[in-house]
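Source file: entry_27.cif. Holds: mmCIF, C-alpha atoms.
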```cif
data_entry
#
loop_
_atom_site.label_atom_id
_atom_site.label_comp_id
_atom_site.auth_asym_id
_atom_site.auth_seq_id
_atom_site.Cartn_x
_atom_site.Cartn_y
_atom_site.Cartn_z
CA MET T 1 47.58 83.70 55.50
CA LYS T 2 48.65 81.32 52.77
CA LEU T 3 46.78 78.07 52.50
CA THR T 4 50.04 76.11 52.52
CA THR T 5 51.07 77.76 55.80
CA TYR T 6 47.73 76.85 57.36
CA ILE T 7 48.01 73.25 56.16
CA ASP T 8 51.57 73.00 57.49
CA ARG T 9 50.35 74.19 60.91
CA ILE T 10 47.51 71.69 60.91
CA ASN T 11 49.92 68.87 60.01
CA LYS T 12 52.32 69.89 62.78
CA MET T 13 49.45 70.09 65.27
CA ASN T 14 48.29 66.61 64.20
CA LYS T 15 51.74 65.14 64.86
CA LEU T 16 51.98 66.84 68.25
CA PHE T 17 48.43 65.82 69.26
CA SER T 18 49.08 62.23 68.22
CA ALA T 19 52.33 62.12 70.21
CA GLU T 20 50.70 63.99 73.12
CA LYS T 21 53.61 66.41 73.18
CA THR T 22 52.01 69.80 72.59
CA GLY T 23 52.84 71.42 75.90
CA THR T 24 50.61 74.14 77.27
CA PRO T 25 48.51 76.26 74.90
CA LYS T 26 51.12 79.02 75.17
CA GLN T 27 53.93 76.59 74.34
CA LEU T 28 52.00 75.12 71.42
CA ALA T 29 51.24 78.56 70.03
CA GLU T 30 54.95 79.40 70.22
CA LYS T 31 55.86 76.15 68.44
CA LEU T 32 53.47 77.08 65.65
CA GLY T 33 54.50 80.72 65.50
CA ILE T 34 51.04 82.06 66.28
CA CYS T 35 49.30 83.78 69.19
CA GLU T 36 47.20 81.82 71.68
CA SER T 37 43.94 83.33 70.48
CA ARG T 38 44.69 82.14 66.93
CA LEU T 39 45.51 78.68 68.30
CA TYR T 40 42.12 78.49 70.01
CA CYS T 41 40.40 79.51 66.75
CA ILE T 42 42.19 76.74 64.84
CA ILE T 43 41.32 74.16 67.51
CA ASP T 44 37.68 75.28 67.41
CA ASP T 45 37.72 74.91 63.59
CA LEU T 46 39.14 71.39 63.93
CA LYS T 47 36.51 70.47 66.51
CA LEU T 48 33.81 71.65 64.08
CA GLN T 49 35.25 69.08 61.67
CA ASP T 50 34.73 66.40 64.37
CA ALA T 51 38.37 66.26 65.52
CA PRO T 52 38.24 64.60 68.99
CA ILE T 53 40.63 67.05 70.68
CA ALA T 54 40.95 67.33 74.45
CA TYR T 55 43.44 68.93 76.83
CA CYS T 56 44.95 67.34 79.95
CA ARG T 57 46.03 69.92 82.53
CA LYS T 58 47.97 67.35 84.52
CA ARG T 59 50.11 66.25 81.56
CA GLU T 60 49.96 69.71 79.96
CA THR T 61 49.15 68.46 76.49
CA TYR T 62 46.43 68.31 73.88
CA TYR T 63 45.56 64.85 72.61
CA TYR T 64 43.01 62.97 70.53
CA THR T 65 40.39 61.14 72.60
CA LYS T 66 40.09 58.52 69.85
CA SER T 67 41.95 57.65 66.67
CA PHE T 68 41.84 60.51 64.19
CA LYS T 69 43.54 61.31 60.88
#
```
Whole structure, structure tokens version:
Amino acid sequence: MKLTTYIDRINKMNKLFSAEKTGTPKQLAEKLGICESRLYCIIDDLKLQDAPIAYCRKRETYYYTKSFK
């Protein structure tokens, strides 16, 4: 995968997380053009970098638990 493609995905995820409009993991993966398992790997990588990511089943969205850039 190209680094620019990865960065573009991360930027798109950041915007969606900030707006709390990701949808379900399946929907988010589709928005990003990746499979769900790849999505989970990217989220795990972000969490290792101290990204405060959580998922709300009721609202069906990922979000940041505190301000994050």
**OP:** Within 12 Å of Leu32 in chain T, counting all atoms listed in the file, which residues show up once you throw out same-chain ones fewer than 6 positions away? Write them as a ChimeraX atom specification, please.
**Re:** /T:5-14,16,22-23,25-26,38-39,42
Subject >> Spatial neighbours of Ile43 in chain T, 12 Å, only C-alpha atoms, chain gap at least 4 places, as number ranges by chain >> reply: T: 9-10, 13-14, 17, 25, 28-29, 36-39, 47-55, 62-64
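Across the model, the gap from CA of Gln27 in chain T to CA of Arg57 in chain T is 13.2 Å.
For the pair CA of Leu3 in chain T and CA of Lys66 in chain T, the separation is 27.0 Å.
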**OP:** Pull the neighbourhood of (49.1, 72.5, 82.1) for me: all residues within 8 Å in file coordinates, counting all atoms listed in the file, as a list in words.
**Re:**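 Output: Gly23, Thr24, Cys56, Arg57, Lys58, Arg59, Glu60 and Thr61 of chain T.
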Around range 34-41 of chain T, fit a box with edges along x, y and z, padding it by 4 Å on each side, then list its centre and edge lengths in Å to one decimal as lines of an AutoDock Vina configuration file.
```
center_x = 45.7
center_y = 81.1
center_z = 69.0
size_x = 18.6
size_y = 13.3
size_z = 13.4
```
Dump range 32-61 of chain T with N, CA, C and O atoms to a file, as a PDB file, in the first residue's frame.
```pdb
ATOM      1  N   LEU T  32     -14.010   3.506   3.449  1.00  0.00           N
ATOM      2  CA  LEU T  32     -12.568   3.618   3.260  1.00  0.00           C
ATOM      3  C   LEU T  32     -12.047   2.714   2.153  1.00  0.00           C
ATOM      4  O   LEU T  32     -10.872   2.796   1.788  1.00  0.00           O
ATOM      5  N   GLY T  33     -12.884   1.836   1.656  1.00  0.00           N
ATOM      6  CA  GLY T  33     -12.477   0.927   0.591  1.00  0.00           C
ATOM      7  C   GLY T  33     -11.545  -0.180   1.053  1.00  0.00           C
ATOM      8  O   GLY T  33     -10.663  -0.610   0.317  1.00  0.00           O
ATOM      9  N   ILE T  34     -11.765  -0.630   2.294  1.00  0.00           N
ATOM     10  CA  ILE T  34     -10.950  -1.705   2.855  1.00  0.00           C
ATOM     11  C   ILE T  34     -11.863  -2.749   3.490  1.00  0.00           C
ATOM     12  O   ILE T  34     -13.055  -2.520   3.668  1.00  0.00           O
ATOM     13  N   CYS T  35     -11.285  -3.885   3.866  1.00  0.00           N
ATOM     14  CA  CYS T  35     -12.067  -4.914   4.552  1.00  0.00           C
ATOM     15  C   CYS T  35     -12.101  -4.597   6.054  1.00  0.00           C
ATOM     16  O   CYS T  35     -11.292  -3.819   6.563  1.00  0.00           O
ATOM     17  N   GLU T  36     -13.049  -5.194   6.741  1.00  0.00           N
ATOM     18  CA  GLU T  36     -13.203  -4.949   8.175  1.00  0.00           C
ATOM     19  C   GLU T  36     -11.964  -5.336   8.967  1.00  0.00           C
ATOM     20  O   GLU T  36     -11.580  -4.631   9.898  1.00  0.00           O
ATOM     21  N   SER T  37     -11.338  -6.444   8.598  1.00  0.00           N
ATOM     22  CA  SER T  37     -10.157  -6.873   9.353  1.00  0.00           C
ATOM     23  C   SER T  37      -9.029  -5.849   9.227  1.00  0.00           C
ATOM     24  O   SER T  37      -8.315  -5.580  10.198  1.00  0.00           O
ATOM     25  N   ARG T  38      -8.896  -5.243   8.058  1.00  0.00           N
ATOM     26  CA  ARG T  38      -7.880  -4.195   7.862  1.00  0.00           C
ATOM     27  C   ARG T  38      -8.243  -2.967   8.702  1.00  0.00           C
ATOM     28  O   ARG T  38      -7.373  -2.331   9.298  1.00  0.00           O
ATOM     29  N   LEU T  39      -9.516  -2.637   8.755  1.00  0.00           N
ATOM     30  CA  LEU T  39      -9.976  -1.515   9.567  1.00  0.00           C
ATOM     31  C   LEU T  39      -9.574  -1.722  11.024  1.00  0.00           C
ATOM     32  O   LEU T  39      -9.039  -0.817  11.663  1.00  0.00           O
ATOM     33  N   TYR T  40      -9.824  -2.910  11.553  1.00  0.00           N
ATOM     34  CA  TYR T  40      -9.476  -3.190  12.941  1.00  0.00           C
ATOM     35  C   TYR T  40      -7.969  -3.075  13.174  1.00  0.00           C
ATOM     36  O   TYR T  40      -7.531  -2.599  14.224  1.00  0.00           O
ATOM     37  N   CYS T  41      -7.173  -3.473  12.208  1.00  0.00           N
ATOM     38  CA  CYS T  41      -5.709  -3.345  12.322  1.00  0.00           C
ATOM     39  C   CYS T  41      -5.306  -1.874  12.394  1.00  0.00           C
ATOM     40  O   CYS T  41      -4.455  -1.496  13.210  1.00  0.00           O
ATOM     41  N   ILE T  42      -5.914  -1.047  11.555  1.00  0.00           N
ATOM     42  CA  ILE T  42      -5.592   0.381  11.548  1.00  0.00           C
ATOM     43  C   ILE T  42      -6.013   1.020  12.875  1.00  0.00           C
ATOM     44  O   ILE T  42      -5.259   1.803  13.464  1.00  0.00           O
ATOM     45  N   ILE T  43      -7.193   0.671  13.360  1.00  0.00           N
ATOM     46  CA  ILE T  43      -7.656   1.217  14.643  1.00  0.00           C
ATOM     47  C   ILE T  43      -6.727   0.788  15.767  1.00  0.00           C
ATOM     48  O   ILE T  43      -6.370   1.594  16.629  1.00  0.00           O
ATOM     49  N   ASP T  44      -6.299  -0.456  15.759  1.00  0.00           N
ATOM     50  CA  ASP T  44      -5.345  -0.934  16.771  1.00  0.00           C
ATOM     51  C   ASP T  44      -4.038  -0.152  16.689  1.00  0.00           C
ATOM     52  O   ASP T  44      -3.463   0.214  17.719  1.00  0.00           O
ATOM     53  N   ASP T  45      -3.553   0.115  15.465  1.00  0.00           N
ATOM     54  CA  ASP T  45      -2.331   0.907  15.285  1.00  0.00           C
ATOM     55  C   ASP T  45      -2.501   2.310  15.863  1.00  0.00           C
ATOM     56  O   ASP T  45      -1.611   2.834  16.528  1.00  0.00           O
ATOM     57  N   LEU T  46      -3.667   2.921  15.608  1.00  0.00           N
ATOM     58  CA  LEU T  46      -3.932   4.256  16.130  1.00  0.00           C
ATOM     59  C   LEU T  46      -3.992   4.250  17.660  1.00  0.00           C
ATOM     60  O   LEU T  46      -3.481   5.164  18.310  1.00  0.00           O
ATOM     61  N   LYS T  47      -4.603   3.208  18.218  1.00  0.00           N
ATOM     62  CA  LYS T  47      -4.682   3.115  19.677  1.00  0.00           C
ATOM     63  C   LYS T  47      -3.296   2.953  20.293  1.00  0.00           C
ATOM     64  O   LYS T  47      -3.032   3.462  21.384  1.00  0.00           O
ATOM     65  N   LEU T  48      -2.391   2.278  19.588  1.00  0.00           N
ATOM     66  CA  LEU T  48      -1.009   2.150  20.067  1.00  0.00           C
ATOM     67  C   LEU T  48      -0.305   3.506  20.083  1.00  0.00           C
ATOM     68  O   LEU T  48       0.660   3.696  20.823  1.00  0.00           O
ATOM     69  N   GLN T  49      -0.787   4.429  19.280  1.00  0.00           N
ATOM     70  CA  GLN T  49      -0.253   5.791  19.240  1.00  0.00           C
ATOM     71  C   GLN T  49      -1.041   6.717  20.179  1.00  0.00           C
ATOM     72  O   GLN T  49      -1.000   7.934  20.036  1.00  0.00           O
ATOM     73  N   ASP T  50      -1.778   6.113  21.103  1.00  0.00           N
ATOM     74  CA  ASP T  50      -2.554   6.820  22.129  1.00  0.00           C
ATOM     75  C   ASP T  50      -3.774   7.565  21.601  1.00  0.00           C
ATOM     76  O   ASP T  50      -4.242   8.529  22.219  1.00  0.00           O
ATOM     77  N   ALA T  51      -4.315   7.144  20.466  1.00  0.00           N
ATOM     78  CA  ALA T  51      -5.566   7.731  19.970  1.00  0.00           C
ATOM     79  C   ALA T  51      -6.703   7.216  20.861  1.00  0.00           C
ATOM     80  O   ALA T  51      -6.873   6.009  21.015  1.00  0.00           O
ATOM     81  N   PRO T  52      -7.484   8.127  21.458  1.00  0.00           N
ATOM     82  CA  PRO T  52      -8.554   7.719  22.385  1.00  0.00           C
ATOM     83  C   PRO T  52      -9.836   7.333  21.627  1.00  0.00           C
ATOM     84  O   PRO T  52     -10.838   8.037  21.661  1.00  0.00           O
ATOM     85  N   ILE T  53      -9.798   6.216  20.936  1.00  0.00           N
ATOM     86  CA  ILE T  53     -10.905   5.779  20.088  1.00  0.00           C
ATOM     87  C   ILE T  53     -11.808   4.820  20.844  1.00  0.00           C
ATOM     88  O   ILE T  53     -11.331   3.887  21.500  1.00  0.00           O
ATOM     89  N   ALA T  54     -13.108   5.051  20.732  1.00  0.00           N
ATOM     90  CA  ALA T  54     -14.103   4.157  21.321  1.00  0.00           C
ATOM     91  C   ALA T  54     -15.222   3.966  20.302  1.00  0.00           C
ATOM     92  O   ALA T  54     -15.305   4.698  19.315  1.00  0.00           O
ATOM     93  N   TYR T  55     -16.065   2.970  20.560  1.00  0.00           N
ATOM     94  CA  TYR T  55     -17.196   2.700  19.674  1.00  0.00           C
ATOM     95  C   TYR T  55     -18.466   2.667  20.503  1.00  0.00           C
ATOM     96  O   TYR T  55     -18.513   2.053  21.572  1.00  0.00           O
ATOM     97  N   CYS T  56     -19.521   3.333  20.018  1.00  0.00           N
ATOM     98  CA  CYS T  56     -20.822   3.328  20.682  1.00  0.00           C
ATOM     99  C   CYS T  56     -21.775   2.473  19.851  1.00  0.00           C
ATOM    100  O   CYS T  56     -22.091   2.828  18.711  1.00  0.00           O
ATOM    101  N   ARG T  57     -22.214   1.363  20.413  1.00  0.00           N
ATOM    102  CA  ARG T  57     -23.138   0.480  19.690  1.00  0.00           C
ATOM    103  C   ARG T  57     -24.502   1.123  19.494  1.00  0.00           C
ATOM    104  O   ARG T  57     -25.142   0.918  18.475  1.00  0.00           O
ATOM    105  N   LYS T  58     -24.923   1.908  20.466  1.00  0.00           N
ATOM    106  CA  LYS T  58     -26.238   2.543  20.371  1.00  0.00           C
ATOM    107  C   LYS T  58     -26.285   3.549  19.219  1.00  0.00           C
ATOM    108  O   LYS T  58     -27.236   3.570  18.442  1.00  0.00           O
ATOM    109  N   ARG T  59     -25.255   4.384  19.116  1.00  0.00           N
ATOM    110  CA  ARG T  59     -25.208   5.390  18.048  1.00  0.00           C
ATOM    111  C   ARG T  59     -24.563   4.861  16.770  1.00  0.00           C
ATOM    112  O   ARG T  59     -24.563   5.537  15.754  1.00  0.00           O
ATOM    113  N   GLU T  60     -23.992   3.662  16.858  1.00  0.00           N
ATOM    114  CA  GLU T  60     -23.304   3.019  15.731  1.00  0.00           C
ATOM    115  C   GLU T  60     -22.248   3.934  15.117  1.00  0.00           C
ATOM    116  O   GLU T  60     -22.252   4.232  13.928  1.00  0.00           O
ATOM    117  N   THR T  61     -21.306   4.348  15.966  1.00  0.00           N
ATOM    118  CA  THR T  61     -20.220   5.190  15.479  1.00  0.00           C
ATOM    119  C   THR T  61     -18.990   5.072  16.365  1.00  0.00           C
ATOM    120  O   THR T  61     -19.100   4.820  17.562  1.00  0.00           O
TER     121      THR T  61
END
```
